[in-house]
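Asks: Below is one structure. I have some questions about it.
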Amino acid sequence: PAHWHIDWTKLSSPCRGLTMLSVSTLVVVFIFYWVGVVAAFSPSPPLLQRCRTVAAKRPAGLLIHLAPASRRSSSASSSSSLNLFDKMFEEEGALGKGITVGKVQVALDCINRDNNSIFTFLEKAAADGGSEPYELAQLTNTVCLALMRKSDEWVGACSDSKWFKWDDAGKAESLYNDWANREAAKFEKEYVPSVADSKEAVSGGPTTAVVSIIIEIQGDTTKFDGAGFSIAGTKEVLSSIASDVMVNEGECTNAVEVFWTPSDKEEVLTKHDLLMDFPEIIDL
């Protein structure tokens, strides 16, 4: 029977190169096709369920809230070319692809601690907060808005984030816990703010205060870059977080912890304390 046979030795160099290139292209396209098929039919792993509400206290204070992790498709946030490649095969969620773990910290110069101070807003938010996804999202939204309303008191800020694909949900969980533990380790005691604490008469003199928000959120659209480089950039980060946590009634928010210091109304956080405990904060 007739058949085709290519004698590679009789082909000119350009022809051999062109033929080899065509075969290589077909192999690459075939591989990408099957990788896409496998990714499309692979089930998304559920995030670890958890729920905790605690708070802490050092020579200053702190509030911690952890939201129950919810099951959703995906979301993300990245800058490297490797992450861009990973995103090609991620499902699109309400806030994008994959999972983002982010952190923003704001330092304020509090002249007094009256009922209009940031401390009053934080204590009330802690007392009113709960452990359901919407309640945790509402808590985060309230804290971000309170910080933005006090922008005239800002003296410094910083932010950081890392994106993970959905298959690396465990790594996202680990980083979130690591960042939260690093902040909690700066404090000597833990406490749960009560309604009585929020209604207690405020005393104490001027102090520097630091509010830290650590969040694990689905998607790659939440903005974390820019806090500390300008007032406008810091506002943009807080506004993005405040908006995104409320999407789908808080179901996109996997976990949140909010810390503040000082909490004891008689204690003062000095500029030296700020430099020693929060060296990452950039002066505004």
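Going through the structure tokens in order, the chains are called A, B, and so on, while each chain numbers its residues from 1 and the ligands are numbered from 1 in the order shown.
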Any idea what's packed within 8 Å of Gly129 (chain A), counting only C-alpha atoms, ignoring anything in its chain fewer than 3 positions away? Could you give it as a ChimeraX atom specification?
Replies: /A:125-126,135-136,138-139
Asks: If you run DSSP on the backbone, which residues of region 226-266 of chain A are strand (DSSP E or B), as a compact mmCIF listing (two decimals) with C-alpha atoms, in the first residue's frame?
Replies:
```txt
# COMPACT_ATOMS: atom_id res chain seq x y z
CA ALA A 227 -1.15 52.06 52.10
CA SER A 230 0.06 58.54 50.54
CA THR A 253 -14.92 36.88 53.54
CA ASN A 254 -13.18 33.75 54.83
CA ALA A 255 -11.57 35.20 57.96
CA VAL A 256 -10.84 38.55 59.62
CA GLU A 257 -8.88 39.68 62.64
CA VAL A 258 -8.81 43.28 63.86
CA PHE A 259 -6.23 44.38 66.44
CA TRP A 260 -5.78 47.73 68.13
CA THR A 261 -3.45 49.22 70.70
```
Asks: Between A:Ser151, A:Asn177, A:Ser212, A:Thr140, which is the closest to Asp109 (chain A) once you count only C-alpha atoms?
Replies: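 Nearest candidate to Asp109 (chain A) out of A:Ser151, A:Asn177, A:Ser212, A:Thr140: A:Ser151.
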Asks: Which one is closest to Asp152 (chain A): A:Trp179, A:Leu122, A:Ala232, A:Gly130? Count only C-alpha atoms.
Replies: A:Ala232
Asks: Within 7 Å of region 242-245 of chain A, counting only C-alpha atoms, which residues qualify if same-chain residues fewer than 2 places away don't, as a list in words?
Replies: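 The filter keeps Ala137, Thr140, Asn141, Cys144, Thr222, Leu238, Ser239, Ser240, Val247, Gly250, Cys252 and Thr253 of chain A.
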Asks: Calculated over only C-alpha atoms, which of the candidates A:Ile281, A:Ile99, A:Val211, A:Met246 has the smallest distance to Lys150 (chain A)?
Replies: A:Val211
